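Chemist: What follows is a single structure, and I will ask about it in a moment.
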Amino acid sequence: MFAFDDLLLAIGSDRITDEHIVELATTAARDTISIHRVTDASLQIAGNGYQVQLPGAADAGFRVGDRVPCTPAPNILVIVAAGSERVAADIVTIRKEQI
């Protein structure tokens, strides 16, 4: 998981090439003019779907219990706070073009 201002990018790193990860992370860093951390996150089956356990990201503007939009694309999740929806849409578009 990459943490940027008002944006978290969860990537299935074992399913995406390093070059594609670099392109996605670079785009997010340029668009948000930030990067706070890169850390592991876990994905689990929960009910009829999945649950992502994210580490704390207060430095990126997220607090425990926040309910924020999450946009999926192949092998990634883009989680954004209000106002960063355009950046999320750009990242999803880039990911779809990578495939």
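Chains: A, B, ... in order of the structure tokens. Residues: from 1 per chain. Ligands: from 1, in order shown.
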Write out as an mmCIF file with N, CA and C atoms, in the first residue's frame which residues come within 9 Å of Asp90 in chain A when counting only C-alpha atoms, dropping same-chain ones fewer than 5 positions away.
Modeler:
data_model
loop_
_atom_site.group_PDB
_atom_site.id
_atom_site.type_symbol
_atom_site.label_atom_id
_atom_site.label_comp_id
_atom_site.auth_asym_id
_atom_site.auth_seq_id
_atom_site.Cartn_x
_atom_site.Cartn_y
_atom_site.Cartn_z
ATOM 1 N N THR A 27 2.557 8.479 -10.834
ATOM 2 C CA THR A 27 1.404 9.314 -11.192
ATOM 3 C C THR A 27 0.728 9.863 -9.942
ATOM 4 N N ALA A 28 0.499 9.009 -8.959
ATOM 5 C CA ALA A 28 -0.139 9.450 -7.720
ATOM 6 C C ALA A 28 0.724 10.482 -6.997
ATOM 7 N N GLU A 85 -11.008 12.645 -6.124
ATOM 8 C CA GLU A 85 -11.641 11.689 -7.029
ATOM 9 C C GLU A 85 -11.019 11.691 -8.426
ATOM 10 N N ARG A 95 -4.277 2.125 -15.063
ATOM 11 C CA ARG A 95 -4.200 0.686 -14.805
ATOM 12 C C ARG A 95 -4.911 -0.114 -15.889
#
Chemist: For a quick check of understanding, using only C-alpha atoms, which of A:Gln98, A:Ser84, A:Gln53, A:Gln44 has the smallest distance to Val22 in chain A?
Modeler: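 Between A:Gln98, A:Ser84, A:Gln53, A:Gln44, the residue approaching Val22 in chain A most closely is A:Gln98.
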Chemist: Can you list, as a ChimeraX atom specification, all residues belonging to chain A that DSSP tags as strand (DSSP E)?
Modeler: /A:2-4,7-11,37-38,42-46,49-53,70-73,76-80
Chemist: Any idea what the distance is between CA of Asn75 in chain A and CA of Ile45 in chain A?
Modeler: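 Between CA of Asn75 in chain A and CA of Ile45 in chain A the gap is 15.1 Å.
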Chemist: I'd like the neighbourhood of Leu9 in chain A as a short mmCIF file (atom, residue, chain, number, x, y, z; two decimals) with N, CA and C atoms, in the first residue's frame, where a residue qualifies if any of its atoms comes within 10 Å (using only C-alpha atoms), though same-chain residues fewer than 5 positions away should be ignored.
Modeler:
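This is the output file part-v8.cif:
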data_model
loop_
_atom_site.label_atom_id
_atom_site.label_comp_id
_atom_site.auth_asym_id
_atom_site.auth_seq_id
_atom_site.Cartn_x
_atom_site.Cartn_y
_atom_site.Cartn_z
N MET A 1 0.83 -1.16 0.00
CA MET A 1 0.00 0.00 0.00
C MET A 1 0.89 1.24 0.00
N PHE A 2 0.53 2.18 -0.87
CA PHE A 2 1.20 3.46 -0.93
C PHE A 2 0.25 4.50 -0.32
N ALA A 3 0.78 5.40 0.48
CA ALA A 3 -0.03 6.46 1.08
C ALA A 3 0.43 7.82 0.56
N PHE A 4 -0.51 8.57 0.01
CA PHE A 4 -0.29 9.92 -0.48
C PHE A 4 -1.31 10.82 0.20
N LEU A 24 2.14 3.74 -11.71
CA LEU A 24 0.98 4.11 -10.88
C LEU A 24 1.40 4.97 -9.70
N ALA A 25 2.45 4.56 -9.00
CA ALA A 25 2.91 5.31 -7.83
C ALA A 25 3.45 6.68 -8.22
N ALA A 28 0.50 9.01 -8.96
CA ALA A 28 -0.14 9.45 -7.72
C ALA A 28 0.72 10.48 -7.00
N VAL A 38 5.22 3.55 2.14
CA VAL A 38 4.91 2.32 1.40
C VAL A 38 4.99 1.21 2.43
N CYS A 70 -13.89 3.84 -2.51
CA CYS A 70 -12.87 2.89 -2.94
C CYS A 70 -13.19 2.49 -4.37
N THR A 71 -12.24 2.68 -5.26
CA THR A 71 -12.45 2.35 -6.66
C THR A 71 -11.53 1.20 -7.05
N ILE A 76 -5.75 -3.68 -8.21
CA ILE A 76 -5.50 -2.53 -7.36
C ILE A 76 -6.81 -2.03 -6.75
N LEU A 77 -6.68 -1.28 -5.65
CA LEU A 77 -7.78 -0.52 -5.07
C LEU A 77 -7.27 0.90 -4.86
N VAL A 78 -8.08 1.87 -5.24
CA VAL A 78 -7.73 3.26 -5.04
C VAL A 78 -8.72 3.83 -4.03
N ILE A 79 -8.21 4.26 -2.91
CA ILE A 79 -9.04 4.75 -1.81
C ILE A 79 -8.75 6.25 -1.67
N VAL A 80 -9.81 7.06 -1.73
CA VAL A 80 -9.58 8.51 -1.74
C VAL A 80 -10.47 9.24 -0.74
N ALA A 88 -7.94 9.54 -8.47
CA ALA A 88 -8.33 8.13 -8.45
C ALA A 88 -8.76 7.69 -9.84
N ILE A 91 -5.74 7.20 -12.08
CA ILE A 91 -4.98 5.99 -11.77
C ILE A 91 -5.71 4.75 -12.29
#
Chemist: For a quick check of understanding, using only C-alpha atoms, which of A:Gly61, A:Pro74, A:Gly83, A:Gly47 has the smallest distance to Leu8 in chain A?
Modeler: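 Closest to Leu8 in chain A, using only C-alpha atoms: A:Gly61.
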Chemist: Please extract the residues of chain A with a backbone DSSP assignment of helix (DSSP H, G or I) and present them as a PyMOL selection string.
Modeler: chain A and resi 18-32+58-60+85-98
Chemist: Choose the residue, out of A:Ala73, A:Val68, A:Val92, A:Ala60, that has the smallest atom-to-atom separation from Ser34 in chain A; count only C-alpha atoms.
Modeler: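 Closest residue, counting only C-alpha atoms: A:Ala60.
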Chemist: Let me make sure I understand: among A:Ile33, A:Thr39, A:Pro72, A:Asn48, which one has the smallest atom-to-atom distance to Asp6 in chain A if we use only C-alpha atoms?
Modeler: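 Smallest separation from Asp6 in chain A among the options: A:Ile33.
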Chemist: Using only C-alpha atoms for the distances, tell me which of A:Ala82, A:Leu43, A:Asp14, A:Glu97 is nearest to Asp66 in chain A.
Modeler: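 Using only C-alpha atoms, the shortest distance to Asp66 in chain A belongs to A:Ala82.
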Chemist: Which distance in Å separates CA of Ala58 in chain A and CA of Ile16 in chain A, to one decimal?
Modeler: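 So the two atoms, CA of Ala58 in chain A and CA of Ile16 in chain A, lie 26.8 Å apart.
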Chemist: Can you work out the spacing between CA of Ile11 in chain A and CA of Pro69 in chain A in Å, to one decimal?
Modeler: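 Computed distance, CA of Ile11 in chain A to CA of Pro69 in chain A, equals 16.3 Å.
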Chemist: Closest to Ser42 in chain A among A:Leu54, A:Val87, A:Ile94, A:Thr26, using only C-alpha atoms?
Modeler: A:Leu54
